[in-house]
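Peer 1: Contents of protein21.cif (mmCIF, C-alpha atoms):
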data_protein
#
loop_
_atom_site.label_atom_id
_atom_site.label_comp_id
_atom_site.auth_asym_id
_atom_site.auth_seq_id
_atom_site.Cartn_x
_atom_site.Cartn_y
_atom_site.Cartn_z
CA MET A 1 27.64 12.45 -32.06
CA PHE A 2 26.91 9.05 -30.51
CA ARG A 3 30.23 7.62 -31.72
CA VAL A 4 32.02 10.49 -29.98
CA ALA A 5 29.86 10.02 -26.86
CA ARG A 6 30.80 6.34 -26.79
CA TYR A 7 34.56 6.87 -26.79
CA ILE A 8 34.39 9.82 -24.38
CA ALA A 9 32.33 7.73 -21.94
CA ALA A 10 34.64 4.72 -22.35
CA LYS A 11 37.65 6.93 -21.66
CA ASP A 12 36.11 8.49 -18.53
CA LEU A 13 35.03 5.11 -17.15
CA ARG A 14 38.43 3.58 -17.87
CA ILE A 15 40.10 6.43 -16.00
CA GLU A 16 37.74 5.84 -13.06
CA LEU A 17 38.51 2.11 -13.06
CA ARG A 18 42.23 2.94 -12.90
CA SER A 19 42.05 5.70 -10.31
CA ARG A 20 39.11 4.29 -8.25
CA VAL A 21 38.21 7.75 -7.02
CA VAL A 22 34.52 6.85 -6.65
CA VAL A 23 35.19 3.77 -4.55
CA ASN A 24 38.15 5.06 -2.53
CA GLN A 25 37.11 8.67 -1.97
CA VAL A 26 33.57 9.60 -2.98
CA LEU A 27 31.83 6.58 -1.48
CA PRO A 28 33.49 6.94 1.95
CA PHE A 29 32.68 10.66 1.86
CA ALA A 30 29.00 10.00 1.12
CA ALA A 31 28.87 7.29 3.79
CA ILE A 32 30.38 9.66 6.36
CA VAL A 33 27.82 12.35 5.42
CA MET A 34 24.98 9.88 5.98
CA VAL A 35 26.34 8.66 9.31
CA MET A 36 26.81 12.29 10.41
CA PHE A 37 23.18 13.03 9.53
CA ALA A 38 22.12 10.06 11.66
CA PHE A 39 24.30 11.29 14.56
CA ALA A 40 22.96 14.84 14.24
CA LEU A 41 19.30 13.78 14.18
CA ASN A 42 19.79 11.09 16.80
CA THR A 43 16.12 10.06 17.22
CA ASP A 44 15.10 6.99 15.20
CA ALA A 45 11.67 8.34 14.38
CA ILE A 46 13.06 11.54 12.88
CA VAL A 47 15.84 9.74 11.03
CA SER A 48 13.49 7.27 9.35
CA ARG A 49 11.09 10.14 8.49
CA VAL A 50 13.76 12.18 6.71
CA ALA A 51 15.78 9.23 5.35
CA PRO A 52 14.89 9.78 1.65
CA GLY A 53 16.01 13.41 1.81
CA LEU A 54 19.25 12.44 3.52
CA ILE A 55 20.06 9.86 0.84
CA TRP A 56 19.57 12.44 -1.88
CA LEU A 57 21.48 15.16 -0.02
CA ALA A 58 24.45 12.80 0.34
CA THR A 59 24.14 12.02 -3.39
CA MET A 60 24.11 15.77 -4.27
CA PHE A 61 27.26 16.43 -2.25
CA SER A 62 28.91 13.46 -3.94
CA LEU A 63 27.78 14.79 -7.32
CA LEU A 64 29.80 17.96 -6.72
CA ILE A 65 32.96 15.93 -6.19
CA LEU A 66 32.29 13.69 -9.19
CA VAL A 67 31.67 16.66 -11.50
CA GLN A 68 34.82 18.43 -10.31
CA ARG A 69 36.75 15.21 -10.90
CA SER A 70 35.19 14.67 -14.34
CA PHE A 71 36.46 18.03 -15.56
CA ALA A 72 39.72 17.96 -13.59
CA ILE A 73 40.87 14.99 -15.69
CA GLU A 74 40.28 17.10 -18.81
CA SER A 75 42.07 20.21 -17.58
CA ALA A 76 45.02 18.48 -15.82
CA ASP A 77 47.16 18.30 -18.97
CA GLY A 78 45.23 20.60 -21.30
CA ALA A 79 42.94 17.91 -22.76
CA THR A 80 39.98 20.31 -22.88
CA ASP A 81 41.87 22.56 -25.28
CA ALA A 82 43.08 19.53 -27.19
CA LEU A 83 39.49 18.28 -27.61
CA LYS A 84 38.43 21.69 -28.94
CA ALA A 85 41.48 21.88 -31.20
CA ALA A 86 40.72 18.40 -32.54
CA GLY A 87 37.23 19.50 -33.55
CA VAL A 88 35.58 16.79 -31.45
CA ASP A 89 31.79 17.18 -31.53
CA PRO A 90 30.89 19.03 -28.29
CA ALA A 91 27.45 17.40 -28.15
CA GLY A 92 29.19 14.03 -28.14
CA ILE A 93 31.55 15.20 -25.39
CA PHE A 94 28.53 16.33 -23.33
CA LEU A 95 26.60 13.11 -23.74
CA GLY A 96 29.66 10.93 -23.19
CA LYS A 97 30.71 12.69 -20.02
CA ALA A 98 27.12 12.73 -18.74
CA PHE A 99 26.78 8.99 -19.38
CA ALA A 100 30.04 8.20 -17.55
CA LEU A 101 28.96 10.44 -14.67
CA ALA A 102 25.54 8.73 -14.54
CA VAL A 103 27.16 5.29 -14.33
CA GLN A 104 29.42 6.41 -11.47
CA LEU A 105 26.50 8.06 -9.67
CA LEU A 106 24.34 4.99 -10.07
CA VAL A 107 27.04 2.73 -8.60
CA LEU A 108 27.42 5.18 -5.73
CA GLU A 109 23.66 5.33 -5.12
CA ILE A 110 23.31 1.54 -5.08
CA LEU A 111 26.17 1.28 -2.61
CA LEU A 112 24.61 4.04 -0.47
CA LEU A 113 21.04 2.80 -0.58
CA MET A 114 21.65 -0.53 1.09
CA PRO A 115 23.34 0.75 4.26
CA ALA A 116 20.85 3.68 4.25
CA ILE A 117 17.92 1.26 4.45
CA VAL A 118 19.54 -0.37 7.47
CA LEU A 119 20.87 2.82 9.09
CA TYR A 120 17.72 4.87 8.63
CA ARG A 121 15.35 1.90 9.11
CA ALA A 122 13.61 2.56 5.81
CA ARG A 123 10.85 0.17 4.72
CA VAL A 124 10.98 -1.05 1.11
CA GLN A 125 8.14 -3.30 -0.03
CA TRP A 126 7.88 -5.21 -3.31
CA ASP A 127 5.15 -2.91 -4.68
CA SER A 128 7.52 0.06 -4.45
CA VAL A 129 10.55 -1.48 -6.16
CA VAL A 130 9.57 -0.28 -9.66
CA LEU A 131 9.02 3.27 -8.41
CA LEU A 132 12.30 3.20 -6.51
CA VAL A 133 14.31 1.93 -9.49
CA THR A 134 12.77 4.35 -12.00
CA THR A 135 13.18 7.24 -9.56
CA PHE A 136 16.86 6.48 -9.10
CA LEU A 137 17.35 6.15 -12.88
CA ALA A 138 15.53 9.39 -13.75
CA ALA A 139 17.11 11.39 -10.94
CA THR A 140 20.57 10.05 -11.82
CA CYS A 141 20.12 11.04 -15.48
CA GLY A 142 18.98 14.52 -14.46
CA LEU A 143 21.85 14.99 -12.02
CA ALA A 144 24.45 13.70 -14.48
CA LEU A 145 23.17 15.92 -17.33
CA VAL A 146 22.90 19.10 -15.31
CA GLY A 147 26.19 18.31 -13.52
CA THR A 148 28.00 17.92 -16.83
CA LEU A 149 26.51 21.11 -18.23
CA TYR A 150 27.44 23.23 -15.22
CA GLY A 151 30.75 21.43 -14.82
CA GLY A 152 31.62 22.48 -18.38
CA LEU A 153 30.51 26.01 -17.64
CA ALA A 154 32.62 26.28 -14.49
CA ALA A 155 35.62 24.41 -15.92
CA GLY A 156 37.01 27.38 -17.81
CA VAL A 157 36.49 29.88 -15.01
CA ARG A 158 38.90 30.96 -12.29
CA GLY A 159 37.72 29.79 -8.85
CA ARG A 160 35.74 26.93 -10.39
CA GLU A 161 35.99 24.79 -7.22
CA THR A 162 33.91 27.28 -5.24
CA LEU A 163 31.80 28.45 -8.15
CA LEU A 164 30.44 25.02 -9.10
CA PRO A 165 28.41 24.41 -5.89
CA LEU A 166 27.00 27.93 -6.12
CA LEU A 167 25.86 27.34 -9.69
CA LEU A 168 24.83 23.73 -9.45
CA LEU A 169 23.00 23.30 -6.15
CA PRO A 170 20.15 25.76 -6.86
CA VAL A 171 19.59 24.19 -10.29
CA VAL A 172 19.38 20.64 -8.96
CA ALA A 173 16.84 21.66 -6.29
CA PRO A 174 13.92 20.28 -8.38
CA VAL A 175 15.72 16.90 -8.57
CA LEU A 176 16.30 16.93 -4.82
CA ILE A 177 12.62 17.69 -4.18
CA GLY A 178 11.23 15.30 -6.79
CA ALA A 179 13.57 12.43 -5.94
CA THR A 180 12.97 12.86 -2.21
CA ARG A 181 9.17 12.85 -2.59
CA ALA A 182 9.22 9.85 -4.92
CA THR A 183 11.58 7.97 -2.59
CA GLU A 184 9.32 8.83 0.36
CA ALA A 185 6.46 7.27 -1.55
CA ALA A 186 8.56 4.18 -2.26
CA PHE A 187 9.61 3.94 1.41
CA HIS A 188 6.04 4.66 2.60
CA THR A 189 7.46 7.44 4.75
CA GLY A 190 4.99 9.59 6.72
CA GLY A 191 1.97 7.71 5.39
CA ALA A 192 2.90 8.23 1.71
CA VAL A 193 1.80 5.60 -0.79
CA VAL A 194 3.43 4.43 -4.02
CA ALA A 195 0.81 6.23 -6.16
CA ASP A 196 2.01 9.57 -4.75
CA GLY A 197 5.42 9.03 -6.27
CA TRP A 198 4.57 8.81 -9.96
CA SER A 199 3.90 12.52 -10.49
CA TRP A 200 7.28 13.32 -8.89
CA LEU A 201 8.88 10.78 -11.19
CA GLY A 202 7.30 12.69 -14.10
CA LEU A 203 8.99 15.87 -12.87
CA LEU A 204 12.35 14.07 -12.76
CA ALA A 205 11.86 12.75 -16.30
CA VAL A 206 10.95 16.20 -17.66
CA PHE A 207 13.97 17.73 -15.89
CA ALA A 208 16.30 15.11 -17.38
CA ALA A 209 14.82 15.57 -20.87
CA LEU A 210 15.12 19.37 -20.70
CA PHE A 211 18.74 19.31 -19.59
CA GLY A 212 19.52 16.52 -22.05
CA VAL A 213 18.33 18.57 -25.01
CA GLY A 214 19.51 21.92 -23.63
CA GLY A 215 22.93 20.58 -22.69
CA THR A 216 23.45 18.92 -26.08
CA LEU A 217 22.73 22.23 -27.81
CA ALA A 218 24.50 24.55 -25.36
CA PHE A 219 27.65 22.62 -24.47
CA GLY A 220 29.55 23.59 -27.65
CA PRO A 221 29.25 27.39 -27.28
CA LEU A 222 29.78 26.99 -23.55
CA ILE A 223 33.19 25.27 -23.73
CA GLU A 224 34.19 27.36 -26.75
CA ASP A 225 34.04 30.54 -24.68
CA MET B 1 54.19 23.39 -54.10
CA GLU B 2 50.89 23.27 -52.25
CA THR B 3 50.02 26.22 -50.06
CA VAL B 4 48.97 25.04 -46.60
CA VAL B 5 48.61 28.39 -44.83
CA LEU B 6 47.69 31.66 -46.50
CA LEU B 7 47.15 34.73 -44.35
CA SER B 8 46.53 38.11 -45.90
CA LYS B 9 46.11 41.15 -43.64
CA ALA B 10 44.66 38.83 -41.00
CA VAL B 11 43.33 40.53 -37.91
CA ALA B 12 42.34 38.65 -34.74
CA VAL B 13 41.09 40.25 -31.56
CA LEU B 14 41.09 38.98 -27.97
CA GLY B 15 38.63 41.05 -25.97
CA GLN B 16 39.39 44.57 -27.21
CA PHE B 17 43.04 43.85 -27.98
CA PRO B 18 44.19 43.06 -31.56
CA VAL B 19 46.55 40.10 -31.05
CA LEU B 20 47.13 39.88 -34.80
CA ALA B 21 47.13 43.20 -36.61
CA GLY B 22 47.29 42.55 -40.32
CA ALA B 23 49.44 39.43 -40.50
CA ASP B 24 50.63 38.17 -43.90
CA LEU B 25 52.09 34.69 -44.19
CA THR B 26 52.32 31.89 -46.73
CA VAL B 27 53.46 28.39 -45.73
CA GLN B 28 54.03 25.59 -48.23
CA ARG B 29 53.58 21.88 -47.57
CA GLY B 30 56.60 20.21 -45.96
CA GLU B 31 58.05 23.41 -44.50
CA ILE B 32 59.13 23.83 -40.88
CA VAL B 33 58.47 27.47 -40.07
CA LEU B 34 59.93 28.93 -36.90
CA LEU B 35 57.99 31.79 -35.34
CA GLN B 36 60.13 33.97 -33.15
CA GLY B 37 59.41 37.14 -31.26
CA PRO B 38 59.10 38.55 -27.74
CA ASN B 39 56.43 37.46 -25.27
CA GLY B 40 53.01 38.83 -26.20
CA ALA B 41 54.04 39.43 -29.81
CA GLY B 42 51.27 37.18 -31.12
CA LYS B 43 53.03 33.86 -31.81
CA THR B 44 50.57 31.72 -29.85
CA SER B 45 47.64 33.72 -31.26
CA LEU B 46 48.93 33.06 -34.78
CA LEU B 47 49.07 29.33 -34.04
CA ARG B 48 45.59 29.41 -32.48
CA LEU B 49 44.21 31.27 -35.49
CA CYS B 50 45.66 28.65 -37.84
CA ALA B 51 44.16 25.92 -35.62
CA GLY B 52 40.72 27.47 -35.95
CA LEU B 53 40.62 28.25 -32.22
CA LEU B 54 40.76 32.02 -32.56
CA PRO B 55 38.17 33.77 -34.74
CA LEU B 56 39.36 35.85 -37.68
CA SER B 57 38.08 39.42 -37.30
CA ARG B 58 39.26 40.86 -40.64
CA GLY B 59 41.40 39.97 -43.61
CA GLU B 60 41.82 36.60 -45.26
CA ALA B 61 42.95 33.30 -43.74
CA VAL B 62 42.89 30.00 -45.58
CA VAL B 63 44.37 26.89 -43.93
CA LEU B 64 44.46 23.56 -45.76
CA GLY B 65 41.97 24.99 -48.22
CA CYS B 66 39.45 25.93 -45.50
CA ASP B 67 38.43 29.55 -45.19
CA LEU B 68 38.76 30.41 -41.51
CA ALA B 69 36.25 33.24 -41.83
CA THR B 70 33.45 30.82 -42.60
CA ASP B 71 34.57 27.29 -41.72
CA ARG B 72 36.74 26.97 -38.62
CA ASP B 73 35.35 23.57 -37.64
CA SER B 74 36.59 21.75 -40.75
CA VAL B 75 40.17 22.87 -40.30
CA ARG B 76 40.30 21.66 -36.69
CA LYS B 77 39.96 18.04 -37.72
CA ARG B 78 43.03 18.33 -39.98
CA VAL B 79 45.31 20.39 -37.76
CA GLY B 80 47.18 19.28 -34.65
CA MET B 81 48.04 21.84 -32.01
CA LEU B 82 50.43 21.14 -29.17
CA GLY B 83 50.85 23.88 -26.62
CA HIS B 84 52.69 23.84 -23.32
CA ALA B 85 50.43 21.04 -22.13
CA ASN B 86 50.40 17.65 -23.84
CA GLY B 87 46.65 17.01 -23.81
CA LEU B 88 47.16 13.51 -22.38
CA TYR B 89 45.21 11.58 -19.75
CA THR B 90 47.76 10.63 -17.13
CA ASP B 91 45.79 7.65 -15.73
CA LEU B 92 45.66 6.02 -19.15
CA THR B 93 48.51 4.16 -20.82
CA VAL B 94 50.35 5.41 -23.90
CA THR B 95 48.36 3.05 -26.14
CA GLU B 96 45.03 4.11 -24.62
CA ASN B 97 45.85 7.78 -25.11
CA VAL B 98 46.92 7.37 -28.73
CA ARG B 99 43.89 5.16 -29.42
CA PHE B 100 41.58 7.74 -27.87
CA TRP B 101 42.92 10.62 -29.97
CA GLY B 102 43.02 8.39 -33.04
CA ALA B 103 39.36 7.56 -32.45
CA THR B 104 38.49 11.25 -32.90
CA VAL B 105 39.16 10.79 -36.63
CA GLY B 106 38.16 7.13 -36.80
CA ALA B 107 41.75 5.83 -36.98
CA LYS B 108 42.08 2.06 -37.19
CA ARG B 109 44.19 0.07 -34.73
CA GLY B 110 46.91 -0.40 -37.38
CA GLU B 111 47.22 3.38 -37.84
CA VAL B 112 47.48 3.85 -34.08
CA ASP B 113 50.21 1.20 -33.80
CA ALA B 114 52.07 2.77 -36.72
CA ALA B 115 51.86 6.22 -35.12
CA MET B 116 53.25 4.88 -31.87
CA ALA B 117 56.04 3.05 -33.61
CA ARG B 118 56.94 6.16 -35.62
CA MET B 119 57.25 8.26 -32.48
CA GLY B 120 59.15 5.56 -30.60
CA VAL B 121 56.50 4.94 -27.96
CA GLY B 122 55.40 1.48 -29.12
CA ASP B 123 56.82 -1.74 -27.62
CA ARG B 124 58.37 -0.94 -24.20
CA LEU B 125 56.28 2.14 -23.40
CA ALA B 126 52.98 1.03 -24.90
CA ASP B 127 51.40 -0.18 -21.67
CA VAL B 128 52.98 2.34 -19.32
CA PRO B 129 50.60 4.88 -17.74
CA VAL B 130 51.41 8.39 -18.97
CA ALA B 131 51.87 9.56 -15.36
CA ARG B 132 55.02 7.42 -15.17
CA LEU B 133 56.65 8.76 -18.35
CA SER B 134 59.47 11.30 -18.51
CA ALA B 135 58.76 14.75 -19.99
CA GLY B 136 60.34 13.74 -23.31
CA GLN B 137 58.34 10.51 -23.49
CA LYS B 138 55.12 12.43 -22.77
CA ARG B 139 55.96 14.86 -25.57
CA ARG B 140 56.55 11.98 -27.98
CA THR B 141 53.28 10.39 -26.92
CA ALA B 142 51.50 13.68 -27.61
CA LEU B 143 53.12 13.80 -31.04
CA ALA B 144 52.04 10.19 -31.67
CA CYS B 145 48.51 11.37 -30.94
CA LEU B 146 48.90 14.06 -33.62
CA VAL B 147 50.11 11.43 -36.08
CA ALA B 148 47.22 9.10 -35.19
CA ARG B 149 44.86 12.04 -35.75
CA ARG B 150 46.36 12.33 -39.26
CA ALA B 151 47.23 15.99 -38.62
CA GLU B 152 48.47 17.62 -41.80
CA LEU B 153 49.57 20.85 -40.16
CA TRP B 154 51.37 20.68 -36.82
CA LEU B 155 51.24 23.82 -34.71
CA LEU B 156 53.73 23.59 -31.85
CA ASP B 157 54.07 26.16 -29.10
CA GLU B 158 57.42 25.96 -27.30
CA PRO B 159 57.77 22.23 -27.97
CA HIS B 160 61.27 22.03 -26.44
CA SER B 161 60.29 23.44 -23.06
CA GLY B 162 60.76 21.02 -20.17
CA LEU B 163 62.82 18.59 -22.20
CA ASP B 164 66.43 17.59 -21.50
CA ALA B 165 69.07 17.55 -24.26
CA ALA B 166 68.27 13.97 -25.28
CA GLY B 167 64.53 14.72 -25.33
CA ARG B 168 65.13 17.76 -27.53
CA ASP B 169 67.20 15.74 -29.99
CA GLU B 170 64.45 13.12 -30.11
CA LEU B 171 61.82 15.77 -30.70
CA ASP B 172 63.81 17.39 -33.52
CA SER B 173 64.32 14.12 -35.33
CA THR B 174 60.62 13.35 -34.83
CA LEU B 175 59.62 16.63 -36.46
CA ARG B 176 61.96 16.12 -39.42
CA GLU B 177 60.55 12.63 -39.83
CA ALA B 178 57.02 14.08 -39.79
CA THR B 179 57.80 16.55 -42.59
CA ARG B 180 59.30 13.76 -44.67
CA ALA B 181 55.97 11.97 -44.23
CA GLY B 182 54.14 15.01 -45.62
CA ALA B 183 53.33 17.13 -42.57
CA THR B 184 53.86 20.87 -42.41
CA ILE B 185 55.05 22.36 -39.13
CA MET B 186 54.86 25.79 -37.54
CA VAL B 187 56.88 26.15 -34.34
CA ALA B 188 56.80 29.05 -31.90
CA SER B 189 59.96 29.04 -29.84
CA HIS B 190 62.27 31.26 -27.86
CA GLU B 191 65.12 28.80 -28.26
CA LEU B 192 66.49 30.16 -31.50
CA GLU B 193 69.64 28.06 -31.65
CA ARG B 194 67.74 24.82 -31.24
CA ALA B 195 64.63 25.65 -33.25
CA GLY B 196 66.62 27.64 -35.85
CA ALA B 197 68.62 24.52 -36.72
CA LEU B 198 65.39 22.66 -37.23
CA ALA B 199 63.50 25.26 -39.27
CA THR B 200 63.51 25.68 -43.01
CA ARG B 201 62.16 29.22 -42.62
CA LEU B 202 62.20 31.85 -39.93
CA VAL B 203 59.55 34.52 -39.46
CA GLU B 204 59.43 37.17 -36.79
CA VAL B 205 56.17 38.09 -35.09
CA ILE B 206 56.17 41.56 -33.57
CA GLY B 207 53.11 43.49 -32.43
CA GLY B 208 50.77 41.11 -34.22
CA ARG B 209 52.56 41.50 -37.58
CA ILE B 210 54.85 39.10 -39.40
CA ARG B 211 58.29 39.75 -40.89
CA GLU B 212 60.32 37.26 -42.89
CA GLN B 213 63.85 36.68 -41.52
CA PRO B 214 66.87 35.02 -43.09
CA ILE B 215 67.95 31.81 -41.36
CA ALA B 216 71.32 32.37 -39.69
CA THR B 217 72.39 28.73 -39.51
CA PRO B 218 70.83 26.38 -42.02
CA PRO B 219 70.24 22.86 -40.71
CA SER B 220 73.27 20.66 -41.26
CA THR B 221 72.90 17.77 -43.66
CA GLU B 222 73.93 15.32 -40.97
CA THR B 223 71.26 16.48 -38.49
CA ALA B 224 68.61 16.93 -41.12
CA GLY B 225 69.10 13.43 -42.35
CA ARG B 226 68.57 11.82 -38.96
#
As structure tokens, please, write out the structure in this file.

Peer 2:
Amino acid sequence: MFRVARYIAAKDLRIELRSRVVVNQVLPFAAIVMVMFAFALNTDAIVSRVAPGLIWLATMFSLLILVQRSFAIESADGATDALKAAGVDPAGIFLGKAFALAVQLLVLEILLLMPAIVLYRARVQWDSVVLLVTTFLAATCGLALVGTLYGGLAAGVRGRETLLPLLLLPVVAPVLIGATRATEAAFHTGGAVVADGWSWLGLLAVFAALFGVGGTLAFGPLIED
Amino acid sequence: METVVLLSKAVAVLGQFPVLAGADLTVQRGEIVLLQGPNGAGKTSLLRLCAGLLPLSRGEAVVLGCDLATDRDSVRKRVGMLGHANGLYTDLTVTENVRFWGATVGAKRGEVDAAMARMGVGDRLADVPVARLSAGQKRRTALACLVARRAELWLLDEPHSGLDAAGRDELDSTLREATRAGATIMVASHELERAGALATRLVEVIGGRIREQPIATPPSTETAGR
């Protein structure tokens, strides 16, 4: 399973390095979303208050594009069928694709976070760095796992482009809430302190673990049908 | 002779519809079997059943010694199916694609290089992204992937479609070469003149059943020897 996951992830990341979709398309899209939020809210006080939520909303929208892209490369020339026909372990496919998606998301988040701190005037202090890093890691794992699972589910269905947001966004709501609250704690937004963030981080970790196990077990029957 | 495919009264159902309705077929190692028949007759379903992609509802089906009623997963690793699509990643080069599919069975780099050389996509084409290949070159790359996967039974659905005359000639010689190397091939095709010259046997699929047909034009010695 892990051998399969390794070469699936390597393949997906190599394709991304060649096509540069994350850097050339998804990152500008996410940046535009964040700037638009700042324009729409206008007042500095409101913007800095809701900054963590805006960062994670921009990440969610980007996730939709990344998941669509991740499965579009499989369906473009019938590779999904070829993977099934080759008897490749579906659990390995799930973990490999989720890992590649997590790496791309993480790069995107790092590139988004820095301008967001400036644009939204967020305050990051040294005592909150550990919480911020672990929050981003746990939330990214959760998003990548659930994105891969629902991406696989929608991939074989007609109208998948419109179906995926409908399926995925409600399911990732706990990640949006948990990651936003934990990031608020790390940014000290609205009087929050770092200690407030750890319980939300726990929620993110449980979410990622549940979808990691569930996805590994369910992905095979899901792509088979 | 070793029996590679043995179907006896095989029934397969898609939804409520029986796509194979009691199919009987025996294929020996090294044969090139042409499946002909009208659209919707069950040719693709027959190939998908043999690939372990379509569940067997009734009857008996044994492919490469694996009983498809109980063990579809094992047969998938030993069978290569090529449909209308090539199953290639267009952003990756020829070498990267063949390496990737070879990795699914743990093929070593030497096996991958040999597969590419055998299908004529080594050297000049090795580092070319698949997106920049012609239709014939993509087809040969897909076949190199089957070789790298050590497929023993090749299931090809309309393999000549989209290829020009030169590409078709290349494909035919590739398939003959593969059978000489020990592969068995089942081809579904509407192009009877082309595929008939290639095949060693012709079977007709009609209404989900199989009928043996005599071959009108046996392959010429000159072409077969290419």

Peer 1: Considering only C-alpha atoms, tabulate each residue of chain B that lies at most 9 Å from chain A along with its nearest interatomic pair and the corresponding distance in Å to one decimal; arrange the rows by chain and ascending residue number and present them as a tab-separated table.

Peer 2:
residue	atom	partner	partner_atom	distance
B:Arg48	CA	A:Ala85	CA	8.7
B:Ala51	CA	A:Ala85	CA	6.6
B:Gly52	CA	A:Ala85	CA	7.4
B:Leu53	CA	A:Ala85	CA	6.5
B:Asp73	CA	A:Gly87	CA	6.1
B:Ser74	CA	A:Gly87	CA	7.6
B:Val75	CA	A:Gly87	CA	8.1
B:Arg76	CA	A:Gly87	CA	4.9
B:Lys77	CA	A:Gly87	CA	5.2
B:Arg78	CA	A:Ala86	CA	7.8
B:Val79	CA	A:Ala86	CA	7.2
B:Gly80	CA	A:Ala86	CA	6.9
B:Met81	CA	A:Ala85	CA	6.6
B:Leu82	CA	A:Ala82	CA	7.8
B:Gly83	CA	A:Gly78	CA	8.4
B:His84	CA	A:Gly78	CA	8.4
B:Ala85	CA	A:Gly78	CA	5.3
B:Asn86	CA	A:Asp77	CA	5.9
B:Gly87	CA	A:Ala79	CA	4.0
B:Leu88	CA	A:Asp77	CA	5.9
B:Tyr89	CA	A:Ile73	CA	6.9
B:Thr90	CA	A:Asp77	CA	7.9
B:Asp91	CA	A:Ile15	CA	5.8
B:Leu92	CA	A:Ile15	CA	6.4
B:Glu96	CA	A:Lys11	CA	8.4
B:Asn97	CA	A:Lys11	CA	8.9
B:Phe100	CA	A:Tyr7	CA	7.2
B:Trp101	CA	A:Ala86	CA	8.5
B:Ala103	CA	A:Tyr7	CA	7.5
B:Thr104	CA	A:Val88	CA	6.4
B:Val105	CA	A:Val88	CA	8.7
B:Arg149	CA	A:Ala86	CA	8.2

Peer 1: Any chance you could resolve the PyMOL selection byres ((chain B and resi 49) around 12) against this file and give the residues as an NGL selection string?

Peer 2: (:A and (85)) or (:B and (5-7 or 10-14 or 19-20 or 23 or 42-48 or 50-58 or 60-63 or 67-69 or 72-73 or 75-76 or 79 or 81 or 155 or 208))

Peer 1: Could you write out that same residue set with C-alpha atoms as a PDB file, in the frame of the given file?

Peer 2:
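Result file follows (result-v8.pdb):
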ATOM      1  CA  ALA A  85      41.480  21.880 -31.200  1.00  0.00           C
TER       2      ALA A  85
ATOM      3  CA  VAL B   5      48.610  28.390 -44.830  1.00  0.00           C
ATOM      4  CA  LEU B   6      47.690  31.660 -46.500  1.00  0.00           C
ATOM      5  CA  LEU B   7      47.150  34.730 -44.350  1.00  0.00           C
ATOM      6  CA  ALA B  10      44.660  38.830 -41.000  1.00  0.00           C
ATOM      7  CA  VAL B  11      43.330  40.530 -37.910  1.00  0.00           C
ATOM      8  CA  ALA B  12      42.340  38.650 -34.740  1.00  0.00           C
ATOM      9  CA  VAL B  13      41.090  40.250 -31.560  1.00  0.00           C
ATOM     10  CA  LEU B  14      41.090  38.980 -27.970  1.00  0.00           C
ATOM     11  CA  VAL B  19      46.550  40.100 -31.050  1.00  0.00           C
ATOM     12  CA  LEU B  20      47.130  39.880 -34.800  1.00  0.00           C
ATOM     13  CA  ALA B  23      49.440  39.430 -40.500  1.00  0.00           C
ATOM     14  CA  GLY B  42      51.270  37.180 -31.120  1.00  0.00           C
ATOM     15  CA  LYS B  43      53.030  33.860 -31.810  1.00  0.00           C
ATOM     16  CA  THR B  44      50.570  31.720 -29.850  1.00  0.00           C
ATOM     17  CA  SER B  45      47.640  33.720 -31.260  1.00  0.00           C
ATOM     18  CA  LEU B  46      48.930  33.060 -34.780  1.00  0.00           C
ATOM     19  CA  LEU B  47      49.070  29.330 -34.040  1.00  0.00           C
ATOM     20  CA  ARG B  48      45.590  29.410 -32.480  1.00  0.00           C
ATOM     21  CA  CYS B  50      45.660  28.650 -37.840  1.00  0.00           C
ATOM     22  CA  ALA B  51      44.160  25.920 -35.620  1.00  0.00           C
ATOM     23  CA  GLY B  52      40.720  27.470 -35.950  1.00  0.00           C
ATOM     24  CA  LEU B  53      40.620  28.250 -32.220  1.00  0.00           C
ATOM     25  CA  LEU B  54      40.760  32.020 -32.560  1.00  0.00           C
ATOM     26  CA  PRO B  55      38.170  33.770 -34.740  1.00  0.00           C
ATOM     27  CA  LEU B  56      39.360  35.850 -37.680  1.00  0.00           C
ATOM     28  CA  SER B  57      38.080  39.420 -37.300  1.00  0.00           C
ATOM     29  CA  ARG B  58      39.260  40.860 -40.640  1.00  0.00           C
ATOM     30  CA  GLU B  60      41.820  36.600 -45.260  1.00  0.00           C
ATOM     31  CA  ALA B  61      42.950  33.300 -43.740  1.00  0.00           C
ATOM     32  CA  VAL B  62      42.890  30.000 -45.580  1.00  0.00           C
ATOM     33  CA  VAL B  63      44.370  26.890 -43.930  1.00  0.00           C
ATOM     34  CA  ASP B  67      38.430  29.550 -45.190  1.00  0.00           C
ATOM     35  CA  LEU B  68      38.760  30.410 -41.510  1.00  0.00           C
ATOM     36  CA  ALA B  69      36.250  33.240 -41.830  1.00  0.00           C
ATOM     37  CA  ARG B  72      36.740  26.970 -38.620  1.00  0.00           C
ATOM     38  CA  ASP B  73      35.350  23.570 -37.640  1.00  0.00           C
ATOM     39  CA  VAL B  75      40.170  22.870 -40.300  1.00  0.00           C
ATOM     40  CA  ARG B  76      40.300  21.660 -36.690  1.00  0.00           C
ATOM     41  CA  VAL B  79      45.310  20.390 -37.760  1.00  0.00           C
ATOM     42  CA  MET B  81      48.040  21.840 -32.010  1.00  0.00           C
ATOM     43  CA  LEU B 155      51.240  23.820 -34.710  1.00  0.00           C
ATOM     44  CA  GLY B 208      50.770  41.110 -34.220  1.00  0.00           C
TER      45      GLY B 208
END

Peer 1: CA of Gly22 (chain B) and CA of Arg211 (chain B) are how many Å apart?

Peer 2: 11.4 Å
